[in-house]
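Undergrad: Here you go, this is work00.pdb (PDB, C-alpha atoms).
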ATOM      1  CA  MET C   2    -131.178  48.558 147.609
ATOM      2  CA  GLU C   3    -129.984  52.126 147.216
ATOM      3  CA  GLU C   4    -130.713  54.563 150.024
ATOM      4  CA  TYR C   5    -132.127  58.001 149.401
ATOM      5  CA  ASP C   6    -132.030  60.959 151.703
ATOM      6  CA  VAL C   7    -135.348  62.811 151.983
ATOM      7  CA  GLN C   8    -135.676  66.130 153.827
ATOM      8  CA  PHE C   9    -138.976  67.945 154.108
ATOM      9  CA  VAL C  10    -139.156  71.708 153.658
ATOM     10  CA  ASP C  11    -142.947  71.975 154.018
ATOM     11  CA  ARG C  12    -145.230  69.104 154.857
ATOM     12  CA  ASP C  13    -149.005  68.997 154.849
ATOM     13  CA  ASP C  14    -151.677  66.469 153.894
ATOM     14  CA  ARG C  15    -152.283  68.016 150.513
ATOM     15  CA  GLU C  16    -149.124  69.927 149.756
ATOM     16  CA  ALA C  17    -145.486  69.253 150.496
ATOM     17  CA  ARG C  18    -142.004  70.229 149.452
ATOM     18  CA  PHE C  19    -139.030  67.971 150.005
ATOM     19  CA  VAL C  20    -135.472  67.422 148.871
ATOM     20  CA  VAL C  21    -134.423  64.005 147.604
ATOM     21  CA  ARG C  22    -130.824  62.997 147.002
ATOM     22  CA  PRO C  23    -128.971  61.452 145.370
ATOM     23  CA  ILE C  24    -131.180  60.975 142.310
ATOM     24  CA  SER C  25    -130.596  61.495 138.605
ATOM     25  CA  PRO C  26    -132.733  63.953 136.614
ATOM     26  CA  ALA C  27    -134.223  60.982 134.751
ATOM     27  CA  PHE C  28    -135.334  59.311 137.954
ATOM     28  CA  ALA C  29    -136.727  62.580 139.324
ATOM     29  CA  ASN C  30    -138.814  62.947 136.188
ATOM     30  CA  GLY C  31    -139.878  59.312 136.457
ATOM     31  CA  ILE C  32    -141.241  59.968 139.938
ATOM     32  CA  ARG C  33    -143.016  63.100 138.751
ATOM     33  CA  ARG C  34    -144.642  61.272 135.868
ATOM     34  CA  ALA C  35    -145.647  58.345 138.069
ATOM     35  CA  MET C  36    -147.320  60.725 140.528
ATOM     36  CA  ILE C  37    -149.386  62.200 137.722
ATOM     37  CA  ALA C  38    -150.234  59.144 135.677
ATOM     38  CA  ASP C  39    -149.800  55.965 137.706
ATOM     39  CA  VAL C  40    -151.412  56.498 141.094
ATOM     40  CA  PRO C  41    -155.092  55.556 140.773
ATOM     41  CA  THR C  42    -157.900  57.619 142.284
ATOM     42  CA  PHE C  43    -161.666  57.282 142.312
ATOM     43  CA  SER C  44    -163.636  59.398 139.872
ATOM     44  CA  ILE C  45    -167.235  59.328 138.705
ATOM     45  CA  ASP C  46    -167.393  57.468 135.406
ATOM     46  CA  THR C  47    -171.041  56.667 134.721
ATOM     47  CA  VAL C  48    -174.038  58.803 135.678
ATOM     48  CA  ARG C  49    -177.678  57.734 135.609
ATOM     49  CA  PHE C  50    -179.992  60.731 135.391
ATOM     50  CA  ILE C  51    -183.283  60.098 137.106
ATOM     51  CA  GLU C  52    -184.341  63.717 136.837
ATOM     52  CA  ASN C  53    -182.557  66.699 135.400
ATOM     53  CA  SER C  54    -184.736  69.749 134.985
ATOM     54  CA  SER C  55    -181.762  72.088 135.398
ATOM     55  CA  VAL C  56    -180.566  74.381 132.634
ATOM     56  CA  MET C  57    -177.633  72.168 131.728
ATOM     57  CA  PHE C  58    -177.417  69.063 129.584
ATOM     58  CA  ASP C  59    -176.898  65.699 131.288
ATOM     59  CA  GLU C  60    -173.487  65.338 129.630
ATOM     60  CA  GLN C  61    -172.277  68.687 130.934
ATOM     61  CA  ILE C  62    -173.273  67.806 134.484
ATOM     62  CA  GLY C  63    -171.687  64.386 134.038
ATOM     63  CA  LEU C  64    -168.420  66.047 133.072
ATOM     64  CA  ARG C  65    -168.516  68.271 136.156
ATOM     65  CA  LEU C  66    -169.250  65.276 138.394
ATOM     66  CA  GLY C  67    -166.280  63.427 136.917
ATOM     67  CA  LEU C  68    -163.898  66.172 138.011
ATOM     68  CA  ILE C  69    -164.899  66.076 141.693
ATOM     69  CA  PRO C  70    -162.028  64.556 143.708
ATOM     70  CA  LEU C  71    -163.091  61.554 145.780
ATOM     71  CA  THR C  72    -161.135  60.226 148.735
ATOM     72  CA  THR C  73    -159.359  57.035 147.781
ATOM     73  CA  PRO C  74    -158.121  54.561 150.413
ATOM     74  CA  LEU C  75    -155.681  52.709 148.170
ATOM     75  CA  ASP C  76    -155.168  49.807 150.569
ATOM     76  CA  ASP C  77    -158.807  48.756 150.375
ATOM     77  CA  PHE C  78    -159.515  48.982 146.648
ATOM     78  CA  GLU C  79    -158.069  47.792 143.372
ATOM     79  CA  VAL C  80    -158.122  49.392 139.947
ATOM     80  CA  GLY C  81    -161.521  48.729 138.386
ATOM     81  CA  ASP C  82    -163.476  48.722 141.665
ATOM     82  CA  THR C  83    -166.633  50.837 141.719
ATOM     83  CA  VAL C  84    -168.528  52.756 144.370
ATOM     84  CA  THR C  85    -171.993  54.206 143.878
ATOM     85  CA  LEU C  86    -172.909  57.754 144.855
ATOM     86  CA  SER C  87    -176.223  59.535 144.640
ATOM     87  CA  LEU C  88    -177.360  63.126 144.636
ATOM     88  CA  ASP C  89    -180.806  64.654 144.972
ATOM     89  CA  VAL C  90    -181.138  68.429 145.152
ATOM     90  CA  GLU C  91    -184.227  70.506 144.518
ATOM     91  CA  GLY C  92    -184.199  74.223 143.676
ATOM     92  CA  PRO C  93    -183.963  76.963 144.701
ATOM     93  CA  ASP C  94    -180.573  75.714 145.885
ATOM     94  CA  THR C  95    -177.080  75.003 144.692
ATOM     95  CA  ALA C  96    -175.992  71.404 144.336
ATOM     96  CA  TYR C  97    -172.566  70.991 145.927
ATOM     97  CA  SER C  98    -170.183  68.053 145.955
ATOM     98  CA  GLY C  99    -171.065  67.731 149.646
ATOM     99  CA  ASP C 100    -174.612  66.761 148.642
ATOM    100  CA  LEU C 101    -173.293  63.549 147.088
ATOM    101  CA  VAL C 102    -174.175  60.584 149.280
ATOM    102  CA  SER C 103    -171.763  57.688 148.979
ATOM    103  CA  SER C 104    -172.563  54.026 149.470
ATOM    104  CA  ASP C 105    -169.109  53.609 151.007
ATOM    105  CA  THR C 106    -167.978  55.945 153.782
ATOM    106  CA  MET C 107    -164.354  55.531 152.701
ATOM    107  CA  VAL C 108    -165.040  57.057 149.271
ATOM    108  CA  GLU C 109    -166.470  60.532 149.626
ATOM    109  CA  PRO C 110    -165.940  63.928 147.998
ATOM    110  CA  ALA C 111    -162.583  65.276 149.204
ATOM    111  CA  ASP C 112    -164.053  68.777 149.335
ATOM    112  CA  ARG C 113    -167.646  69.467 150.217
ATOM    113  CA  ASN C 114    -167.776  72.917 148.667
ATOM    114  CA  VAL C 115    -167.390  72.225 144.945
ATOM    115  CA  PRO C 116    -170.453  73.711 143.223
ATOM    116  CA  ILE C 117    -172.062  71.429 140.640
ATOM    117  CA  ILE C 118    -174.993  73.526 139.469
ATOM    118  CA  ASP C 119    -177.249  76.333 140.634
ATOM    119  CA  LEU C 120    -180.906  75.267 140.621
ATOM    120  CA  LYS C 121    -183.806  77.708 140.410
ATOM    121  CA  GLU C 122    -187.346  77.280 141.715
ATOM    122  CA  GLY C 123    -188.905  74.079 140.376
ATOM    123  CA  GLN C 124    -185.658  72.648 139.032
ATOM    124  CA  ARG C 125    -184.376  69.370 140.340
ATOM    125  CA  LEU C 126    -181.330  67.190 139.883
ATOM    126  CA  GLU C 127    -181.495  63.560 140.902
ATOM    127  CA  ILE C 128    -178.752  61.231 139.835
ATOM    128  CA  GLU C 129    -176.978  58.029 140.677
ATOM    129  CA  ALA C 130    -173.319  57.757 139.748
ATOM    130  CA  ASP C 131    -170.699  55.033 139.641
ATOM    131  CA  ALA C 132    -167.187  56.049 140.622
ATOM    132  CA  VAL C 133    -164.431  53.820 139.334
ATOM    133  CA  LEU C 134    -160.817  53.481 140.452
ATOM    134  CA  ASP C 135    -158.417  54.141 137.602
ATOM    135  CA  THR C 136    -155.177  55.946 136.779
ATOM    136  CA  GLY C 137    -154.350  59.338 135.281
ATOM    137  CA  ARG C 138    -152.924  57.453 132.317
ATOM    138  CA  GLU C 139    -156.498  56.476 131.441
ATOM    139  CA  HIS C 140    -158.146  59.853 132.000
ATOM    140  CA  ALA C 141    -156.963  63.124 133.568
ATOM    141  CA  LYS C 142    -159.898  63.063 136.010
ATOM    142  CA  HIS C 143    -158.159  60.178 137.783
ATOM    143  CA  GLN C 144    -154.997  62.196 138.460
ATOM    144  CA  GLY C 145    -154.141  62.311 142.141
ATOM    145  CA  GLY C 146    -151.236  64.735 141.833
ATOM    146  CA  VAL C 147    -152.353  68.017 140.341
ATOM    147  CA  ALA C 148    -149.355  70.311 140.715
ATOM    148  CA  VAL C 149    -146.290  68.133 140.742
ATOM    149  CA  GLY C 150    -142.862  69.380 139.812
ATOM    150  CA  TYR C 151    -139.267  69.570 140.838
ATOM    151  CA  ARG C 152    -136.245  71.773 140.446
ATOM    152  CA  HIS C 153    -132.628  71.577 141.389
ATOM    153  CA  LEU C 154    -131.581  72.413 144.895
ATOM    154  CA  GLN C 155    -129.436  75.561 144.620
ATOM    155  CA  ARG C 156    -126.294  76.501 146.393
ATOM    156  CA  VAL C 157    -125.356  80.145 146.852
ATOM    157  CA  GLU C 158    -121.779  81.118 147.466
ATOM    158  CA  VAL C 159    -120.379  84.480 148.422
ATOM    159  CA  VAL C 160    -117.353  85.109 146.239
ATOM    160  CA  GLY C 161    -116.554  88.645 147.269
ATOM    161  CA  ASP C 162    -117.905  92.142 147.880
ATOM    162  CA  ARG C 163    -120.148  93.870 145.440
ATOM    163  CA  PRO C 164    -118.469  96.737 143.597
ATOM    164  CA  GLU C 165    -119.184 100.032 145.408
ATOM    165  CA  PHE C 166    -121.087 101.715 142.590
ATOM    166  CA  ALA C 167    -122.925  98.691 141.230
ATOM    167  CA  ASP C 168    -126.635  99.037 140.448
ATOM    168  CA  ASP C 169    -129.029  98.076 143.229
ATOM    169  CA  GLU C 170    -130.719  95.422 141.187
ATOM    170  CA  ALA C 171    -132.788  92.653 142.691
ATOM    171  CA  ASN C 172    -131.297  89.184 142.339
ATOM    172  CA  ILE C 173    -134.360  86.978 142.119
ATOM    173  CA  LEU C 174    -134.162  83.251 142.799
ATOM    174  CA  ARG C 175    -137.109  80.953 143.371
ATOM    175  CA  GLY C 176    -136.884  77.568 145.031
ATOM    176  CA  VAL C 177    -134.870  76.262 147.927
ATOM    177  CA  ILE C 178    -131.242  77.038 148.677
ATOM    178  CA  GLU C 179    -128.793  75.106 150.756
ATOM    179  CA  GLU C 180    -126.851  77.109 153.305
ATOM    180  CA  ASP C 181    -124.293  75.294 155.458
ATOM    181  CA  GLY C 182    -126.367  72.128 155.202
ATOM    182  CA  ASP C 183    -129.630  73.900 156.105
ATOM    183  CA  LEU C 184    -132.485  74.192 153.619
ATOM    184  CA  VAL C 185    -133.842  77.711 153.204
ATOM    185  CA  PRO C 186    -136.909  78.346 151.042
ATOM    186  CA  THR C 187    -136.449  81.538 149.056
ATOM    187  CA  GLU C 188    -139.769  82.903 150.394
ATOM    188  CA  GLU C 189    -137.881  83.634 153.599
ATOM    189  CA  PHE C 190    -136.054  86.497 151.928
ATOM    190  CA  ASP C 191    -138.768  87.430 149.444
ATOM    191  CA  HIS C 192    -136.989  85.492 146.645
ATOM    192  CA  ASP C 193    -134.372  88.249 146.517
ATOM    193  CA  LEU C 194    -130.810  87.190 147.223
ATOM    194  CA  THR C 195    -129.720  90.797 147.833
ATOM    195  CA  ASN C 196    -131.918  90.775 150.958
ATOM    196  CA  ARG C 197    -130.053  87.833 152.394
ATOM    197  CA  TYR C 198    -126.552  88.600 151.173
ATOM    198  CA  PRO C 199    -126.367  92.381 150.955
ATOM    199  CA  GLU C 200    -123.323  93.924 149.313
ATOM    200  CA  SER C 201    -121.968  90.567 148.209
ATOM    201  CA  GLU C 202    -120.941  89.126 144.912
ATOM    202  CA  LEU C 203    -122.675  85.767 144.557
ATOM    203  CA  THR C 204    -122.556  82.658 142.463
ATOM    204  CA  VAL C 205    -125.585  80.396 142.268
ATOM    205  CA  GLU C 206    -125.229  76.817 141.154
ATOM    206  CA  ASP C 207    -127.342  73.681 141.070
ATOM    207  CA  VAL C 208    -126.479  71.035 143.604
ATOM    208  CA  PRO C 209    -125.864  67.960 141.465
ATOM    209  CA  ASN C 210    -128.338  65.092 141.899
ATOM    210  CA  ALA C 211    -130.409  66.898 144.529
ATOM    211  CA  PHE C 212    -133.979  67.774 143.614
ATOM    212  CA  VAL C 213    -136.629  69.778 145.408
ATOM    213  CA  PHE C 214    -140.026  68.252 144.716
ATOM    214  CA  HIS C 215    -143.188  70.256 145.068
ATOM    215  CA  VAL C 216    -146.205  67.981 145.303
ATOM    216  CA  GLU C 217    -149.826  68.957 145.583
ATOM    217  CA  THR C 218    -152.757  66.547 145.513
ATOM    218  CA  ASP C 219    -156.428  67.118 144.771
ATOM    219  CA  GLY C 220    -157.341  65.636 148.165
ATOM    220  CA  SER C 221    -158.115  62.126 146.982
ATOM    221  CA  VAL C 222    -154.884  60.816 148.506
ATOM    222  CA  THR C 223    -152.383  62.357 150.921
ATOM    223  CA  VAL C 224    -149.052  63.588 149.626
ATOM    224  CA  ASP C 225    -147.275  60.784 151.521
ATOM    225  CA  ASP C 226    -149.468  58.145 149.914
ATOM    226  CA  LEU C 227    -149.091  59.700 146.479
ATOM    227  CA  VAL C 228    -145.299  59.746 146.573
ATOM    228  CA  VAL C 229    -144.937  56.276 148.085
ATOM    229  CA  ARG C 230    -147.423  54.747 145.646
ATOM    230  CA  ALA C 231    -145.787  56.467 142.697
ATOM    231  CA  VAL C 232    -142.390  55.060 143.647
ATOM    232  CA  ASP C 233    -143.983  51.628 144.189
ATOM    233  CA  THR C 234    -145.353  51.645 140.640
ATOM    234  CA  ILE C 235    -141.880  52.422 139.292
ATOM    235  CA  GLU C 236    -140.486  49.532 141.325
ATOM    236  CA  SER C 237    -143.137  47.113 140.140
ATOM    237  CA  ARG C 238    -142.571  48.088 136.512
ATOM    238  CA  ALA C 239    -138.817  47.744 136.941
ATOM    239  CA  ASN C 240    -139.317  44.262 138.406
ATOM    240  CA  GLU C 241    -141.616  43.380 135.543
ATOM    241  CA  LEU C 242    -138.973  44.467 133.068
ATOM    242  CA  ARG C 243    -136.281  42.513 134.874
ATOM    243  CA  GLU C 244    -138.345  39.356 134.765
ATOM    244  CA  ALA C 245    -139.275  39.910 131.141
ATOM    245  CA  VAL C 246    -135.670  40.181 129.950
ATOM    246  CA  GLN C 247    -134.471  37.156 131.886
ATOM    247  CA  LEU C 248    -134.194  34.264 129.516
TER     248      LEU C 248
ATOM    249  CA  MET M  25    -195.726  60.509 123.854
ATOM    250  CA  SER M  26    -196.657  63.539 125.896
ATOM    251  CA  TYR M  27    -196.485  67.177 125.008
ATOM    252  CA  LYS M  28    -197.130  70.412 126.819
ATOM    253  CA  CYS M  29    -198.974  73.360 125.322
ATOM    254  CA  SER M  30    -196.663  76.389 125.273
ATOM    255  CA  ARG M  31    -199.570  78.807 125.939
ATOM    256  CA  CYS M  32    -201.807  77.151 128.557
ATOM    257  CA  LYS M  33    -199.033  74.839 129.924
ATOM    258  CA  ARG M  34    -201.424  71.894 130.056
ATOM    259  CA  ASP M  35    -200.385  68.334 129.204
ATOM    260  CA  VAL M  36    -201.527  67.308 125.749
ATOM    261  CA  THR M  37    -201.676  63.868 124.199
ATOM    262  CA  LEU M  38    -201.655  63.837 120.439
ATOM    263  CA  ASP M  39    -203.800  61.387 118.465
ATOM    264  CA  GLU M  40    -203.659  60.696 114.757
ATOM    265  CA  TYR M  41    -206.805  62.696 113.942
ATOM    266  CA  GLY M  42    -206.471  65.944 115.874
ATOM    267  CA  GLY M  43    -203.323  67.262 114.203
ATOM    268  CA  VAL M  44    -200.820  69.385 116.085
ATOM    269  CA  ARG M  45    -203.124  71.536 118.179
ATOM    270  CA  CYS M  46    -203.917  71.948 121.862
ATOM    271  CA  PRO M  47    -207.458  70.612 122.505
ATOM    272  CA  TYR M  48    -207.937  73.086 125.384
ATOM    273  CA  CYS M  49    -206.873  76.413 123.921
ATOM    274  CA  GLY M  50    -206.261  75.668 120.262
ATOM    275  CA  HIS M  51    -202.649  76.798 120.365
ATOM    276  CA  ARG M  52    -200.495  75.185 117.709
ATOM    277  CA  VAL M  53    -197.153  75.280 119.529
ATOM    278  CA  LEU M  54    -196.580  72.168 121.625
ATOM    279  CA  LEU M  55    -193.408  71.352 123.530
ATOM    280  CA  LYS M  56    -192.219  67.795 123.913
ATOM    281  CA  GLU M  57    -191.668  66.766 127.516
ATOM    282  CA  ARG M  58    -188.488  65.058 128.633
ATOM    283  CA  SER M  59    -188.846  61.283 128.874
ATOM    284  CA  ARG M  60    -189.140  59.835 132.376
ATOM    285  CA  ASP M  61    -186.710  57.071 131.498
ATOM    286  CA  ILE M  62    -183.437  56.993 133.367
ATOM    287  CA  LYS M  63    -180.684  58.132 131.055
ATOM    288  CA  GLU M  64    -177.211  56.734 131.489
ATOM    289  CA  VAL M  65    -174.297  58.933 130.506
ATOM    290  CA  ASP M  66    -170.640  57.995 130.301
ATOM    291  CA  VAL M  67    -168.340  60.641 131.683
ATOM    292  CA  GLU M  68    -165.468  61.219 129.262
TER     293      GLU M  68
END
Please go through the file and, once you have read it, give me the structure as structure tokens.

TA:
Amino acid sequence: MEEYDVQFVDRDDREARFVVRPISPAFANGIRRAMIADVPTFSIDTVRFIENSSVMFDEQIGLRLGLIPLTTPLDDFEVGDTVTLSLDVEGPDTAYSGDLVSSDTMVEPADRNVPIIDLKEGQRLEIEADAVLDTGREHAKHQGGVAVGYRHLQRVEVVGDRPEFADDEANILRGVIEEDGDLVPTEEFDHDLTNRYPESELTVEDVPNAFVFHVETDGSVTVDDLVVRAVDTIESRANELREAVQL
Amino acid sequence: MSYKCSRCKRDVTLDEYGGVRCPYCGHRVLLKERSRDIKEVDVE
């Protein structure tokens, strides 16, 4: 088994940035795609409307309900499992995702402040909904990773002094740079290399096979879970392929 | 099948003889009420 070096730049439950090396661009993209399409999350899939006297059609409200992120403990459920949620709000009030009552305490709205619909006096919304566990490949509402990307780690080298009468132009670089083995996010110097290396002539190059991933989830799973599960799906598919080609 | 008169807001039941008219106020505009059945919608 090949070993990979992972260094975190920022780390939070919902958002993280980390450097992985050594990996090929193809493998980096494979991880990115797996995070988007192959990690399953719960999402409302069927809605039974008991009463809807709001100003919106049932289908429109159903669509909004589908997009509410639900916490997904991946160890306890399998793809295809369902959990029932219900909601009963009477106007004048706003129905929020936090008003959804789940039959399973492990599967609940990740955020309680997502507005569903504003109800006026006399309007009422009463529904029962089935959330199903499925992957982003099936429908975008099941995507766990919402802002997932990567770019090369950059290395900046000072090659000399800047000519005396050169223009004072900003030298913008976004991402993470490596400086004597330390990782420095470019926010630290306002993305402007002239702030960090004044009066210097610079060369910027990509560090080969080192990628800075930026991962953000919708709250249904933690970043750690998302990344680990995504890599697991790649492994399981690779194993499947290996077994399939063995004669 | 139940309707609601758009002028006097009272519930109206239509029969085959009365025609489309509110028996209380004579108004000819009736609004059909939403069914009380539970409607199931697939989220796509």

Undergrad: Counting all atoms listed in the file, collect the residues of chain M whose closest atom lies at most 9 Å from chain C, and write them out as a ChimeraX atom specification.

TA: /M:58,60-68

Undergrad: Enumerate, as a list of chain:residue names, the protein, DNA and RNA residues whose atoms approach (-166.1, 74.1, 143.1) to within 9 Å, taking into account all atoms listed in the file and the coordinate frame of the file.

TA: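 With a cut-off of 9 Å, the residues come to C:Ile69, C:Tyr97, C:Ser98, C:Asp112, C:Arg113, C:Asn114, C:Val115, C:Pro116, C:Ile117.
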
Undergrad: Report the residues retrieved by the PyMOL selection byres ((chain C and resi 183) around 12) from the displayed file, expressed as JSON, numbers by chain.

TA: {"C": [8, 9, 10, 20, 154, 155, 156, 157, 177, 178, 179, 180, 181, 182, 184, 185, 186]}

Undergrad: Determine the residue set returned by the PyMOL selection byres ((chain M and resi 46) around 10) for the present structure, and present it as a PDB file with C-alpha atoms, in the frame of the given file.

TA:
ATOM      1  CA  TYR M  27    -196.485  67.177 125.008  1.00  0.00           C
ATOM      2  CA  LYS M  28    -197.130  70.412 126.819  1.00  0.00           C
ATOM      3  CA  CYS M  29    -198.974  73.360 125.322  1.00  0.00           C
ATOM      4  CA  SER M  30    -196.663  76.389 125.273  1.00  0.00           C
ATOM      5  CA  ARG M  31    -199.570  78.807 125.939  1.00  0.00           C
ATOM      6  CA  CYS M  32    -201.807  77.151 128.557  1.00  0.00           C
ATOM      7  CA  LYS M  33    -199.033  74.839 129.924  1.00  0.00           C
ATOM      8  CA  ARG M  34    -201.424  71.894 130.056  1.00  0.00           C
ATOM      9  CA  ASP M  35    -200.385  68.334 129.204  1.00  0.00           C
ATOM     10  CA  VAL M  36    -201.527  67.308 125.749  1.00  0.00           C
ATOM     11  CA  THR M  37    -201.676  63.868 124.199  1.00  0.00           C
ATOM     12  CA  LEU M  38    -201.655  63.837 120.439  1.00  0.00           C
ATOM     13  CA  GLY M  42    -206.471  65.944 115.874  1.00  0.00           C
ATOM     14  CA  GLY M  43    -203.323  67.262 114.203  1.00  0.00           C
ATOM     15  CA  VAL M  44    -200.820  69.385 116.085  1.00  0.00           C
ATOM     16  CA  ARG M  45    -203.124  71.536 118.179  1.00  0.00           C
ATOM     17  CA  PRO M  47    -207.458  70.612 122.505  1.00  0.00           C
ATOM     18  CA  TYR M  48    -207.937  73.086 125.384  1.00  0.00           C
ATOM     19  CA  CYS M  49    -206.873  76.413 123.921  1.00  0.00           C
ATOM     20  CA  GLY M  50    -206.261  75.668 120.262  1.00  0.00           C
ATOM     21  CA  HIS M  51    -202.649  76.798 120.365  1.00  0.00           C
ATOM     22  CA  ARG M  52    -200.495  75.185 117.709  1.00  0.00           C
ATOM     23  CA  VAL M  53    -197.153  75.280 119.529  1.00  0.00           C
ATOM     24  CA  LEU M  54    -196.580  72.168 121.625  1.00  0.00           C
TER      25      LEU M  54
END

Undergrad: Interatomic distance between CA of Val80 (chain C) and CA of Pro41 (chain C)?

TA: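 We find that CA of Val80 (chain C) and CA of Pro41 (chain C) lie 6.9 Å from each other.
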
Undergrad: Hey, can you check how far CA of Pro26 (chain C) sits from CA of Asp6 (chain C)?

TA: 15.4 Å

Undergrad: List, as number ranges by chain, every residue that the PyMOL selection byres ((chain C and resi 43) around 10) selects in the file provided.

TA: C: 41-42, 44-46, 67, 69-75, 78, 80-84, 108-110, 131-136, 142-145, 221-222

Undergrad: Could you name the residues that touch Ser104 (chain C) at 9 Å or less, counting all atoms listed in the file, but leaving out those on the same chain fewer than 6 positions away, as a VMD selection string?

TA: chain C and resid 84 to 87

Undergrad: Take the residues just selected and output them with C-alpha atoms as an mmCIF file, in the coordinates of the input.

TA:
data_model
loop_
_atom_site.group_PDB
_atom_site.id
_atom_site.type_symbol
_atom_site.label_atom_id
_atom_site.label_comp_id
_atom_site.auth_asym_id
_atom_site.auth_seq_id
_atom_site.Cartn_x
_atom_site.Cartn_y
_atom_site.Cartn_z
ATOM 1 C CA VAL C 84 -168.528 52.756 144.370
ATOM 2 C CA THR C 85 -171.993 54.206 143.878
ATOM 3 C CA LEU C 86 -172.909 57.754 144.855
ATOM 4 C CA SER C 87 -176.223 59.535 144.640
#

Undergrad: For a test of reading the model, state the distance in Å between CA of Gly137 (chain C) and CA of Asp226 (chain C), rounded to one decimal.

TA: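 Going from CA of Gly137 (chain C) over to CA of Asp226 (chain C) covers 15.5 Å.
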
Undergrad: Select, from C:Phe166, C:Glu217, C:Val229, C:Glu127, the residue with the minimum atom-to-atom distance to Glu16 (chain C), counting all atoms listed in the file.

TA: C:Glu217

Undergrad: Please provide the set of residues having any atom within 10 Å of Arg34 (chain C), restricted to all atoms listed in the file, with same-chain residues fewer than 4 positions apart removed, written as number ranges by chain.

TA: C: 28-30, 38-40, 137-138, 146, 149-150, 231, 235

Undergrad: Box in all listed atoms of region 57-62 of chain M, axis-aligned, with 3 Å more on each side; write out centre and edge lengths in Å to one decimal as AutoDock Vina command-line options.

TA:
--center_x -187.6 --center_y 61.9 --center_z 130.4 --size_x 14.2 --size_y 15.8 --size_z 11.9

Undergrad: Quick one: of C:Val208, C:Leu88, C:Val7, C:Val21, who's nearest to Ser103 (chain C), counting only C-alpha atoms?

TA: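 Among the listed residues, C:Leu88 lies closest to Ser103 (chain C).
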
Undergrad: Go through C:Glu3, C:Asp94, C:Val102, C:Phe190 and flag the residue nearest Arg22 (chain C), using only C-alpha atoms for the distances.

TA: C:Glu3
